[in-house]
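This is data.cif. It holds mmCIF, C-alpha atoms.
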```cif
data_work
#
loop_
_atom_site.label_atom_id
_atom_site.label_comp_id
_atom_site.auth_asym_id
_atom_site.auth_seq_id
_atom_site.Cartn_x
_atom_site.Cartn_y
_atom_site.Cartn_z
CA MET U 527 15.68 116.47 196.76
CA ARG U 528 17.94 119.33 197.79
CA ALA U 529 18.75 120.23 201.39
CA VAL U 530 18.50 123.98 201.90
CA SER U 531 18.34 126.52 204.72
CA VAL U 532 14.94 127.75 205.83
CA GLU U 533 15.82 131.26 204.60
CA GLU U 534 16.70 129.98 201.13
CA ALA U 535 13.55 127.86 200.88
CA VAL U 536 11.15 130.63 201.86
CA ALA U 537 12.89 133.09 199.54
CA MET U 538 11.59 130.92 196.66
CA ILE U 539 7.98 131.63 197.64
CA PRO U 540 6.75 134.82 195.95
CA ALA U 541 4.24 137.18 197.54
CA GLY U 542 0.72 136.19 196.50
CA ALA U 543 1.66 132.51 196.13
CA SER U 544 -0.76 129.66 196.78
CA ILE U 545 0.50 127.49 199.64
CA MET U 546 -0.95 124.44 201.31
CA VAL U 547 0.23 123.85 204.86
CA GLY U 548 -0.01 120.56 206.75
CA GLY U 549 -1.25 120.32 210.31
CA PHE U 550 -4.42 120.05 212.35
CA MET U 551 -4.92 122.80 214.92
CA GLY U 552 -1.20 123.50 214.72
CA VAL U 553 -0.20 119.86 215.32
CA GLY U 554 2.07 118.59 212.55
CA THR U 555 2.70 122.05 211.13
CA PRO U 556 6.11 123.18 209.79
CA GLU U 557 6.56 125.96 212.37
CA ARG U 558 10.07 126.94 211.23
CA LEU U 559 8.86 127.55 207.69
CA LEU U 560 5.92 129.63 208.91
CA ASP U 561 8.18 131.69 211.20
CA GLU U 562 10.38 132.44 208.20
CA VAL U 563 7.38 133.28 205.97
CA VAL U 564 6.43 135.84 208.63
CA ARG U 565 10.00 137.17 208.90
CA GLN U 566 10.23 137.61 205.12
CA GLN U 567 6.72 139.17 205.10
CA LYS U 568 5.23 137.15 202.23
CA THR U 569 1.98 139.02 201.74
CA GLY U 570 -1.23 138.22 199.85
CA LEU U 571 -0.95 134.47 200.36
CA SER U 572 -3.62 132.11 199.14
CA LEU U 573 -3.64 129.60 202.01
CA ILE U 574 -5.02 126.06 201.90
CA SER U 575 -5.06 124.64 205.41
CA ASN U 576 -7.57 122.52 207.32
CA ASP U 577 -8.06 125.18 209.98
CA ALA U 578 -6.69 128.51 211.15
CA ALA U 579 -5.15 126.99 214.33
CA VAL U 580 -4.97 129.54 217.16
CA PRO U 581 -3.14 132.88 217.34
CA GLY U 582 0.60 132.36 217.84
CA LYS U 583 0.59 128.73 216.71
CA GLY U 584 0.85 127.01 213.33
CA VAL U 585 -0.83 128.86 210.47
CA GLY U 586 -2.32 131.15 213.15
CA LYS U 587 0.97 133.09 212.85
CA LEU U 588 0.10 133.99 209.26
CA PHE U 589 -3.14 135.63 210.43
CA ASP U 590 -1.31 137.40 213.28
CA ALA U 591 0.92 138.97 210.61
CA ALA U 592 -2.02 139.62 208.22
CA LEU U 593 -0.30 137.77 205.36
CA VAL U 594 -3.33 135.83 204.11
CA SER U 595 -5.67 137.22 201.47
CA ARG U 596 -7.51 134.01 200.63
CA LEU U 597 -8.21 130.95 202.79
CA THR U 598 -9.63 127.54 201.97
CA ALA U 599 -10.32 125.56 205.16
CA SER U 600 -12.89 123.42 206.95
CA HIS U 601 -12.92 125.15 210.34
CA ILE U 602 -11.66 128.49 211.63
CA GLY U 603 -13.77 128.76 214.80
CA LEU U 604 -10.86 128.61 217.25
CA ASN U 605 -8.94 131.55 215.76
CA PRO U 606 -10.70 134.84 216.56
CA LYS U 607 -8.20 136.81 214.45
CA ALA U 608 -9.02 134.78 211.32
CA GLN U 609 -12.73 135.26 212.08
CA GLN U 610 -12.29 139.03 212.47
CA GLN U 611 -10.33 139.27 209.21
CA MET U 612 -13.04 137.27 207.43
CA LEU U 613 -15.90 139.36 208.81
CA ALA U 614 -13.99 142.56 207.91
CA ASN U 615 -13.58 141.21 204.34
CA GLN U 616 -9.78 141.35 204.63
CA ILE U 617 -9.61 137.70 203.61
CA ALA U 618 -11.86 135.74 201.25
CA VAL U 619 -12.74 132.48 202.99
CA ASP U 620 -14.02 129.29 201.42
CA LEU U 621 -15.24 126.89 204.12
CA ILE U 622 -15.70 123.31 202.93
CA PRO U 623 -16.37 119.99 204.67
CA GLN U 624 -13.19 118.40 206.00
CA GLY U 625 -13.63 115.15 204.08
CA THR U 626 -14.18 117.11 200.89
CA PHE U 627 -11.17 119.31 201.67
CA VAL U 628 -8.80 116.35 201.91
CA GLU U 629 -10.30 114.51 198.92
CA ARG U 630 -9.96 117.57 196.68
CA ILE U 631 -6.28 117.74 197.59
CA ARG U 632 -5.85 114.00 197.17
CA ALA U 633 -7.46 114.26 193.72
CA GLY U 634 -5.12 117.14 192.85
CA GLY U 635 -2.13 115.02 193.75
CA CYS U 636 -3.34 111.89 191.99
CA GLY U 637 -4.16 113.30 188.57
CA LEU U 638 -7.93 113.20 189.07
CA GLY U 639 -10.25 115.98 187.97
CA GLY U 640 -12.20 115.76 191.20
CA VAL U 641 -14.29 113.44 193.34
CA LEU U 642 -17.98 112.61 193.77
CA THR U 643 -19.11 112.92 197.39
CA PRO U 644 -22.50 112.67 199.08
CA THR U 645 -21.35 115.17 201.71
CA GLY U 646 -23.10 118.53 201.33
CA VAL U 647 -25.96 117.38 199.08
CA GLY U 648 -29.08 119.33 200.11
CA THR U 649 -27.07 121.98 202.01
CA SER U 650 -25.58 125.36 201.18
CA VAL U 651 -22.35 123.55 200.22
CA ALA U 652 -24.10 122.27 197.07
CA GLU U 653 -24.84 125.75 195.71
CA GLY U 654 -23.35 126.26 192.25
CA LYS U 655 -21.95 122.71 192.04
CA ARG U 656 -22.78 119.98 189.56
CA GLN U 657 -24.79 117.11 190.99
CA ILE U 658 -24.31 113.68 189.46
CA GLU U 659 -26.47 110.65 190.07
CA VAL U 660 -24.74 107.27 190.23
CA ASP U 661 -26.88 104.15 190.76
CA GLY U 662 -29.66 106.19 192.33
CA THR U 663 -27.51 108.20 194.76
CA THR U 664 -26.85 111.91 194.30
CA PHE U 665 -23.28 113.14 194.61
CA LEU U 666 -21.61 116.53 194.38
CA LEU U 667 -18.77 116.97 191.92
CA GLU U 668 -15.94 118.49 193.94
CA THR U 669 -13.02 119.56 191.80
CA ALA U 670 -9.35 118.84 192.43
CA MET U 671 -7.24 121.34 194.38
CA ARG U 672 -3.51 122.01 194.06
CA ALA U 673 -1.10 124.73 195.16
CA GLN U 674 2.22 126.17 194.00
CA PHE U 675 3.87 125.15 197.28
CA ALA U 676 3.19 122.50 199.94
CA LEU U 677 4.75 123.13 203.35
CA VAL U 678 4.96 119.77 205.06
CA HIS U 679 6.13 118.64 208.49
CA ALA U 680 7.43 115.09 209.00
CA PHE U 681 8.69 113.23 212.05
CA LEU U 682 11.64 111.56 210.31
CA ALA U 683 13.24 112.52 207.02
CA ASP U 684 16.20 110.54 205.71
CA TYR U 685 19.07 112.02 203.66
CA LEU U 686 17.19 111.18 200.43
CA GLY U 687 13.92 112.77 201.55
CA ASN U 688 11.89 109.69 202.48
CA LEU U 689 9.40 110.74 205.15
CA THR U 690 7.47 109.24 208.01
CA TYR U 691 5.10 110.94 210.43
CA ALA U 692 4.18 110.62 214.11
CA LEU U 693 0.80 110.02 215.77
CA THR U 694 -1.80 112.68 215.01
CA ALA U 695 0.81 114.93 213.34
CA ARG U 696 0.40 112.99 210.09
CA ASN U 697 -3.06 114.38 209.19
CA PHE U 698 -2.90 116.31 205.87
CA ASN U 699 0.88 116.20 205.40
CA PRO U 700 1.32 113.13 203.14
CA ILE U 701 -1.72 114.13 201.06
CA MET U 702 -0.41 117.68 200.50
CA ALA U 703 3.06 116.34 199.65
CA MET U 704 1.44 114.94 196.47
CA ALA U 705 -0.49 118.05 195.44
CA ALA U 706 1.89 120.98 194.93
CA ASP U 707 4.39 122.05 192.26
CA THR U 708 7.08 122.47 194.92
CA VAL U 709 7.20 120.48 198.17
CA ILE U 710 9.21 121.90 201.09
CA VAL U 711 9.67 119.76 204.19
CA THR U 712 10.75 120.25 207.79
CA ALA U 713 11.36 117.21 210.00
CA GLU U 714 11.72 116.65 213.74
CA HIS U 715 14.75 114.47 212.97
CA ILE U 716 16.95 114.03 209.90
CA VAL U 717 18.31 110.48 209.85
CA PRO U 718 20.59 108.33 207.67
CA VAL U 719 19.13 106.42 204.75
CA GLY U 720 17.91 103.05 205.98
CA VAL U 721 16.69 104.21 209.38
CA ILE U 722 13.18 104.40 207.93
CA ALA U 723 12.37 100.90 206.73
CA PRO U 724 10.79 100.71 203.26
CA ASP U 725 7.47 99.54 204.71
CA HIS U 726 7.37 102.59 206.99
CA VAL U 727 7.99 105.27 204.37
CA LEU U 728 4.74 107.20 203.93
CA THR U 729 6.03 109.87 201.55
CA PRO U 730 8.62 108.49 199.08
CA ALA U 731 11.70 110.66 198.49
CA PRO U 732 10.97 111.65 194.86
CA LEU U 733 7.98 113.70 196.07
CA VAL U 734 10.17 115.98 198.19
CA ASP U 735 11.84 118.94 196.47
CA TYR U 736 13.49 120.66 199.44
CA LEU U 737 14.36 119.48 202.93
CA ILE U 738 15.12 122.19 205.48
CA THR U 739 18.45 121.57 207.16
CA ASN U 740 18.91 121.71 210.92
CA GLY U 741 19.37 125.32 212.00
CA MET H 550 -28.03 114.91 238.02
CA ASP H 551 -27.34 117.89 235.77
CA ALA H 552 -28.57 118.16 232.18
CA GLN H 553 -25.26 117.23 230.56
CA THR H 554 -24.83 114.14 232.74
CA ILE H 555 -28.35 112.91 231.94
CA ILE H 556 -27.66 113.27 228.22
CA ALA H 557 -24.18 111.69 228.30
CA ARG H 558 -25.30 108.72 230.44
CA ARG H 559 -28.26 107.99 228.18
CA VAL H 560 -26.24 108.25 224.97
CA ALA H 561 -23.59 105.90 226.38
CA GLN H 562 -26.26 103.16 226.50
CA GLU H 563 -26.46 103.30 222.70
CA LEU H 564 -22.89 102.03 222.26
CA HIS H 565 -21.99 98.37 221.86
CA THR H 566 -18.84 96.26 221.98
CA GLY H 567 -16.93 96.48 218.71
CA ASP H 568 -18.48 99.79 217.67
CA LEU H 569 -16.28 102.40 216.02
CA VAL H 570 -17.52 105.66 217.52
CA ASN H 571 -16.81 109.30 216.72
CA LEU H 572 -17.71 111.86 219.38
CA GLY H 573 -18.12 115.53 218.56
CA ILE H 574 -17.06 118.34 220.86
CA GLY H 575 -19.10 119.56 223.83
CA ILE H 576 -21.65 117.24 225.46
CA PRO H 577 -20.77 114.35 223.07
CA THR H 578 -17.21 114.26 224.43
CA LEU H 579 -18.62 113.48 227.90
CA VAL H 580 -20.21 110.25 226.64
CA ALA H 581 -16.87 108.42 226.86
CA ASN H 582 -16.93 108.93 230.66
CA TYR H 583 -20.08 106.78 231.01
CA VAL H 584 -19.32 103.80 228.80
CA ALA H 585 -19.52 100.60 230.86
CA PRO H 586 -15.99 99.29 231.51
CA ASP H 587 -16.75 95.86 230.04
CA LEU H 588 -17.69 97.40 226.68
CA LYS H 589 -14.87 97.39 224.15
CA VAL H 590 -15.63 100.47 222.06
CA PHE H 591 -13.18 102.08 219.63
CA PHE H 592 -13.21 105.87 219.70
CA GLN H 593 -12.01 107.71 216.61
CA SER H 594 -10.50 111.16 216.66
CA GLU H 595 -10.88 112.54 213.13
CA ASN H 596 -7.42 114.09 213.15
CA GLY H 597 -6.10 110.58 212.65
CA LEU H 598 -6.50 108.13 215.52
CA ILE H 599 -8.59 105.11 216.49
CA GLY H 600 -8.20 104.14 220.14
CA THR H 601 -8.21 107.51 221.89
CA GLY H 602 -7.51 107.29 225.60
CA PRO H 603 -7.92 109.65 228.53
CA ILE H 604 -6.05 112.91 229.04
CA PRO H 605 -2.46 111.96 230.03
CA GLU H 606 -1.21 112.52 233.54
CA GLN H 607 0.54 115.82 234.31
CA GLY H 608 3.84 115.98 232.44
CA MET H 609 3.07 113.03 230.15
CA ALA H 610 1.42 114.85 227.23
CA HIS H 611 2.96 114.43 223.78
CA PRO H 612 2.75 117.48 221.48
CA LEU H 613 2.06 115.24 218.45
CA LEU H 614 -0.83 113.34 220.09
CA THR H 615 -3.93 115.46 220.41
CA ASP H 616 -7.68 115.38 219.84
CA ALA H 617 -9.43 117.31 217.07
CA GLY H 618 -9.45 120.41 219.26
CA GLY H 619 -5.67 120.27 219.69
CA ARG H 620 -5.84 119.11 223.34
CA PRO H 621 -3.46 116.38 224.55
CA ILE H 622 -4.88 112.85 224.67
CA SER H 623 -3.45 109.38 225.08
CA ALA H 624 -3.74 106.29 222.91
CA LEU H 625 -4.92 102.92 224.23
CA PRO H 626 -3.15 99.61 223.50
CA GLY H 627 -4.28 98.56 220.03
CA ALA H 628 -4.64 102.12 218.78
CA SER H 629 -3.88 103.02 215.17
CA THR H 630 -2.97 106.25 213.42
CA PHE H 631 -3.64 107.35 209.84
CA ASP H 632 -3.86 110.38 207.57
CA SER H 633 -6.91 112.58 207.02
CA ALA H 634 -7.93 110.92 203.73
CA MET H 635 -8.16 107.58 205.57
CA SER H 636 -9.90 109.22 208.51
CA PHE H 637 -12.64 110.66 206.33
CA GLY H 638 -12.76 107.54 204.19
CA LEU H 639 -13.71 105.74 207.40
CA ILE H 640 -16.34 108.38 208.13
CA ARG H 641 -17.91 108.78 204.68
CA GLY H 642 -17.48 105.14 203.79
CA GLY H 643 -19.88 103.83 206.43
CA HIS H 644 -17.18 102.31 208.66
CA VAL H 645 -18.08 104.47 211.66
CA ASP H 646 -20.90 102.72 213.53
CA VAL H 647 -22.06 105.65 215.64
CA THR H 648 -21.37 109.36 215.68
CA VAL H 649 -22.57 111.58 218.51
CA LEU H 650 -22.83 115.25 217.63
CA GLY H 651 -24.03 118.45 219.25
CA GLY H 652 -26.93 120.33 217.74
CA LEU H 653 -28.37 123.81 217.36
CA GLN H 654 -31.70 122.61 215.88
CA VAL H 655 -33.30 119.31 214.91
CA ASP H 656 -36.55 119.43 212.97
CA ALA H 657 -39.68 117.25 212.92
CA HIS H 658 -38.18 115.01 210.24
CA GLY H 659 -34.81 114.62 211.96
CA HIS H 660 -32.83 117.14 209.94
CA LEU H 661 -29.92 118.61 211.88
CA ALA H 662 -28.48 122.12 211.86
CA ASN H 663 -25.32 122.39 213.91
CA TRP H 664 -22.60 124.29 212.09
CA MET H 665 -23.40 127.97 211.76
CA ILE H 666 -25.60 130.88 212.79
CA PRO H 667 -25.53 133.30 209.84
CA GLY H 668 -24.11 136.69 210.81
CA LYS H 669 -23.19 135.50 214.32
CA MET H 670 -21.09 132.35 214.32
CA VAL H 671 -19.36 131.13 211.16
CA PRO H 672 -16.73 128.67 212.37
CA GLY H 673 -16.97 126.24 209.44
CA MET H 674 -18.42 122.76 209.39
CA GLY H 675 -15.20 120.86 210.09
CA GLY H 676 -16.09 117.17 209.90
CA ALA H 677 -19.79 117.46 210.82
CA MET H 678 -21.23 117.22 207.31
CA ASP H 679 -19.17 114.13 206.47
CA LEU H 680 -20.13 112.47 209.77
CA VAL H 681 -23.86 112.97 209.23
CA SER H 682 -23.59 111.84 205.60
CA GLY H 683 -21.62 108.71 206.27
CA ALA H 684 -21.89 107.29 209.79
CA LYS H 685 -24.18 104.29 210.18
CA ARG H 686 -26.04 105.88 213.11
CA VAL H 687 -26.18 109.56 213.93
CA ILE H 688 -27.11 110.55 217.49
CA VAL H 689 -27.60 114.18 218.47
CA ALA H 690 -26.80 115.00 222.11
CA MET H 691 -28.07 118.43 223.10
CA GLN H 692 -30.16 120.41 225.56
CA HIS H 693 -33.87 120.29 224.76
CA ALA H 694 -34.19 124.06 224.85
CA ALA H 695 -31.81 127.03 224.92
CA LYS H 696 -32.74 130.37 226.49
CA GLY H 697 -36.35 129.18 226.75
CA LYS H 698 -36.55 128.32 223.04
CA SER H 699 -37.10 124.78 221.84
CA LYS H 700 -34.26 123.25 219.82
CA ILE H 701 -36.63 120.60 218.46
CA VAL H 702 -38.30 122.71 215.79
CA ALA H 703 -40.95 122.19 213.12
CA LYS H 704 -38.46 123.19 210.42
CA CYS H 705 -34.80 124.20 210.79
CA THR H 706 -34.28 127.92 210.29
CA LEU H 707 -30.48 127.53 210.46
CA PRO H 708 -28.45 126.05 207.56
CA LEU H 709 -28.68 122.24 207.46
CA THR H 710 -25.71 120.00 208.14
CA SER H 711 -27.03 117.26 205.86
CA ALA H 712 -30.14 116.26 203.95
CA ARG H 713 -29.93 112.92 205.72
CA PRO H 714 -32.05 112.76 208.90
CA VAL H 715 -30.42 111.77 212.18
CA ASN H 716 -31.41 108.54 213.92
CA LEU H 717 -31.81 109.63 217.52
CA VAL H 718 -31.90 112.78 219.61
CA VAL H 719 -31.08 112.58 223.31
CA THR H 720 -31.81 115.66 225.41
CA ASP H 721 -32.01 116.43 229.12
CA MET H 722 -35.79 115.83 228.85
CA ALA H 723 -36.37 113.17 226.22
CA VAL H 724 -35.24 110.57 223.72
CA ILE H 725 -36.69 111.14 220.26
CA ALA H 726 -36.43 109.00 217.11
CA PHE H 727 -37.81 109.51 213.59
CA PRO H 728 -39.59 106.36 212.36
CA ASN H 729 -41.37 107.05 209.05
CA GLY H 730 -39.87 110.54 209.10
CA LYS H 731 -41.90 111.64 212.15
CA ALA H 732 -40.46 112.85 215.46
CA THR H 733 -41.55 110.26 218.00
CA LEU H 734 -41.11 110.44 221.76
CA LEU H 735 -39.42 107.24 222.96
CA GLU H 736 -38.49 108.10 226.55
CA THR H 737 -38.64 110.93 229.03
CA ALA H 738 -35.97 111.91 231.53
CA PRO H 739 -36.51 110.87 235.17
CA GLY H 740 -39.24 113.00 236.73
CA VAL H 741 -40.21 114.68 233.46
CA GLY H 742 -43.80 114.20 232.22
CA VAL H 743 -44.86 113.75 228.61
CA GLY H 744 -46.82 117.01 228.85
CA GLU H 745 -43.70 118.89 229.98
CA VAL H 746 -41.75 117.57 226.98
CA MET H 747 -44.54 118.55 224.59
CA ALA H 748 -44.67 122.04 226.11
CA VAL H 749 -41.04 122.74 225.16
CA THR H 750 -41.07 120.97 221.79
CA ASP H 751 -42.00 123.09 218.78
CA ALA H 752 -42.07 120.12 216.40
CA GLU H 753 -45.15 117.95 216.30
CA LEU H 754 -44.38 114.85 218.37
CA VAL H 755 -45.86 111.40 217.92
CA ILE H 756 -46.65 110.08 221.42
CA PRO H 757 -46.85 106.27 221.69
CA ASP H 758 -49.26 104.72 224.23
CA ILE H 759 -46.40 103.88 226.53
CA VAL H 760 -43.47 106.27 227.02
CA PRO H 761 -41.02 104.86 229.57
CA GLU H 762 -38.56 106.84 231.68
CA MET H 763 -34.87 106.76 230.80
CA LYS H 764 -33.06 104.16 232.93
CA ILE H 765 -29.91 105.99 233.93
#
```

Take the structure from the file and write it as structure tokens.
Amino acid sequence: MRAVSVEEAVAMIPAGASIMVGGFMGVGTPERLLDEVVRQQKTGLSLISNDAAVPGKGVGKLFDAALVSRLTASHIGLNPKAQQQMLANQIAVDLIPQGTFVERIRAGGCGLGGVLTPTGVGTSVAEGKRQIEVDGTTFLLETAMRAQFALVHAFLADYLGNLTYALTARNFNPIMAMAADTVIVTAEHIVPVGVIAPDHVLTPAPLVDYLITNG
Amino acid sequence: MDAQTIIARRVAQELHTGDLVNLGIGIPTLVANYVAPDLKVFFQSENGLIGTGPIPEQGMAHPLLTDAGGRPISALPGASTFDSAMSFGLIRGGHVDVTVLGGLQVDAHGHLANWMIPGKMVPGMGGAMDLVSGAKRVIVAMQHAAKGKSKIVAKCTLPLTSARPVNLVVTDMAVIAFPNGKATLLETAPGVGVGEVMAVTDAELVIPDIVPEMKI
């Protein structure tokens, strides 16, 4: 793990990159990283995020600045700007069930080719996907999903990069921290090694590439 | 009693001590207000919490403790938090005893459509498809009709949420279940006659000899 400034970290992300961003309706989202992505005007992003949050908050800022060209999410109904951009064909949107969304990322981070899920069988979600029967039950084959960058927000990060999360701000963060080539982390608090007890570490330090230093 | 209160009160009677329950947004959220105080029910919020509590008092909200809509909530003693893989493992894995969801249409066989209206409303399915696939019991809480049109239809014209039929539909007029794959009228709302329910139900309804009134 290397501790870097937010400017330096975001400068590593090229325009058109695939990024997965933690958070659920803007809760548990690395806001400082997103503010800097907007400031550096990283265009044409391929965004993997559970939802589109709301304008002005979380990944909603990326839609405000029209930086997204492709979105994979489970729900965008609370962000009218993302909806407008989708209906105007400015962004290509792939909407997938939330449990499938997280399992595809988990598979991507765990070296699996995909997962078999009953969710979506017999619905429009099944179109074009392989169906596999196991012991009499039909499942959809949902393939693994990874990104070039994961932008993760933790509650505590220690000097080595061990992470822990708070309350409902955990959500997709520890799963995404497994599933990207480069993992960049912001934390509410940076603390000395040992403050997070081994049993409470949810993302072990070797998974973290860059920790954003306090401003 | 208004339509939403009738529905929420009746659905609340379906919950039992020890149940792990997931409530969708809209009318389902109101169900928590009518659970008898002696019932010990666990409510899950799919963004990563079991043991959701009421909206915190003014000035007590925590920005990292919200419901799935991003609104501040509290956590009850004994609550637990987890990531989204665990949350949907609980849902898909059959660990959620009851889910209560809103609906746009339910058909004569119990199939639910509740996540999009093509060309009009394309919000995404969020957790709805996983909940209908995996929860032990699926209850739909919705108005019987919208703008004069029945929401209990012969066949769903909107995209389905799951191929799995729901277990129970509770509306402001009726309680309907699907034994043997057939919509069957179990109860009517107070003051509502069987004929009135049939008049605003497009699906064919099985009418048992005795159809009691809801006790709410």

Self-check item: Residues matched by the PyMOL selection byres ((chain H and resi 634) around 8), written as a PyMOL selection string
Solution: (chain U and resi 625+628-629+632+698+701) or (chain H and resi 632-633+635-638)

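Interatomic distance, atom CA of H:Val746 against atom CA of H:Ile725: 10.6 Å.
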
Exercise. Report the residues retrieved by the PyMOL selection byres ((chain U) within 6 of (chain H)) from the displayed file, expressed as a PyMOL selection string.
Key: chain U and resi 551+600-603+621+623-625+628+645+648-649+693-698

Write a file of the just-selected residues containing C-alpha atoms, as a tab-separated table (two decimals), keeping the file's coordinate frame.
```
chain	number	residue	atom	x	y	z
U	551	MET	CA	-4.92	122.80	214.92
U	600	SER	CA	-12.89	123.42	206.95
U	601	HIS	CA	-12.92	125.15	210.34
U	602	ILE	CA	-11.66	128.49	211.63
U	603	GLY	CA	-13.77	128.76	214.80
U	621	LEU	CA	-15.24	126.89	204.12
U	623	PRO	CA	-16.37	119.99	204.67
U	624	GLN	CA	-13.19	118.40	206.00
U	625	GLY	CA	-13.63	115.15	204.08
U	628	VAL	CA	-8.80	116.35	201.91
U	645	THR	CA	-21.35	115.17	201.71
U	648	GLY	CA	-29.08	119.33	200.11
U	649	THR	CA	-27.07	121.98	202.01
U	693	LEU	CA	0.80	110.02	215.77
U	694	THR	CA	-1.80	112.68	215.01
U	695	ALA	CA	0.81	114.93	213.34
U	696	ARG	CA	0.40	112.99	210.09
U	697	ASN	CA	-3.06	114.38	209.19
U	698	PHE	CA	-2.90	116.31	205.87
```

Exercise. List the residues selected by the PyMOL selection byres ((chain H and resi 733) around 8) in the file shown, writing them as a list in words.
Key: Ile725, Ala726, Phe727, Pro728, Lys731, Ala732, Leu734, Leu735, Leu754, Val755, Ile756 and Pro757 of chain H

For the selection just defined, write its residues with C-alpha atoms to a file, as a PDB file, keeping the file's coordinate frame.
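Contents of again_8.pdb, as written:
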```
ATOM      1  CA  ILE H 725     -36.690 111.140 220.260  1.00  0.00           C
ATOM      2  CA  ALA H 726     -36.430 109.000 217.110  1.00  0.00           C
ATOM      3  CA  PHE H 727     -37.810 109.510 213.590  1.00  0.00           C
ATOM      4  CA  PRO H 728     -39.590 106.360 212.360  1.00  0.00           C
ATOM      5  CA  LYS H 731     -41.900 111.640 212.150  1.00  0.00           C
ATOM      6  CA  ALA H 732     -40.460 112.850 215.460  1.00  0.00           C
ATOM      7  CA  LEU H 734     -41.110 110.440 221.760  1.00  0.00           C
ATOM      8  CA  LEU H 735     -39.420 107.240 222.960  1.00  0.00           C
ATOM      9  CA  LEU H 754     -44.380 114.850 218.370  1.00  0.00           C
ATOM     10  CA  VAL H 755     -45.860 111.400 217.920  1.00  0.00           C
ATOM     11  CA  ILE H 756     -46.650 110.080 221.420  1.00  0.00           C
ATOM     12  CA  PRO H 757     -46.850 106.270 221.690  1.00  0.00           C
TER      13      PRO H 757
END
```

Quiz item: Which residues, written as a PyMOL selection string, have at least one atom at most 6 Å from stretch 565-580 of chain U, with only C-alpha atoms counted and residues fewer than 2 positions away on the same chain left out?
Solution: chain U and resi 541-547+551-552+562-563+583+585-586+593-602+604-605

Quick test: take stretch 683-696 of chain H, keep N, CA and C atoms, and write it as a compact mmCIF listing (two decimals), in the first residue's frame.
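Below is the file out_22.txt, written as the result:
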```txt
# COMPACT_ATOMS: atom_id res chain seq x y z
N GLY H 683 -36.17 -15.73 -3.57
CA GLY H 683 -35.57 -16.44 -2.45
C GLY H 683 -36.28 -16.41 -1.12
N ALA H 684 -37.16 -15.43 -0.88
CA ALA H 684 -37.80 -15.37 0.44
C ALA H 684 -38.75 -16.55 0.61
N LYS H 685 -38.91 -16.99 1.87
CA LYS H 685 -39.79 -18.14 2.10
C LYS H 685 -41.23 -17.80 1.75
N ARG H 686 -41.70 -16.62 2.15
CA ARG H 686 -43.07 -16.19 1.81
C ARG H 686 -43.00 -14.81 1.18
N VAL H 687 -43.72 -14.64 0.10
CA VAL H 687 -43.77 -13.35 -0.59
C VAL H 687 -45.19 -12.81 -0.50
N ILE H 688 -45.32 -11.64 0.11
CA ILE H 688 -46.63 -10.99 0.25
C ILE H 688 -46.60 -9.69 -0.55
N VAL H 689 -47.61 -9.50 -1.39
CA VAL H 689 -47.71 -8.25 -2.14
C VAL H 689 -48.74 -7.37 -1.43
N ALA H 690 -48.34 -6.14 -1.15
CA ALA H 690 -49.22 -5.16 -0.50
C ALA H 690 -49.45 -4.03 -1.49
N MET H 691 -50.67 -3.95 -2.01
CA MET H 691 -50.93 -2.91 -3.02
C MET H 691 -52.42 -2.58 -3.07
N GLN H 692 -52.73 -1.45 -3.70
CA GLN H 692 -54.13 -1.09 -3.94
C GLN H 692 -54.72 -2.10 -4.91
N HIS H 693 -56.02 -2.36 -4.76
CA HIS H 693 -56.66 -3.36 -5.62
C HIS H 693 -56.73 -2.87 -7.07
N ALA H 694 -56.97 -1.57 -7.21
CA ALA H 694 -57.08 -0.99 -8.55
C ALA H 694 -56.37 0.35 -8.56
N ALA H 695 -55.92 0.77 -9.75
CA ALA H 695 -55.30 2.08 -9.90
C ALA H 695 -55.96 2.78 -11.08
N LYS H 696 -56.38 4.00 -10.86
CA LYS H 696 -57.07 4.78 -11.91
C LYS H 696 -58.20 3.97 -12.53
```
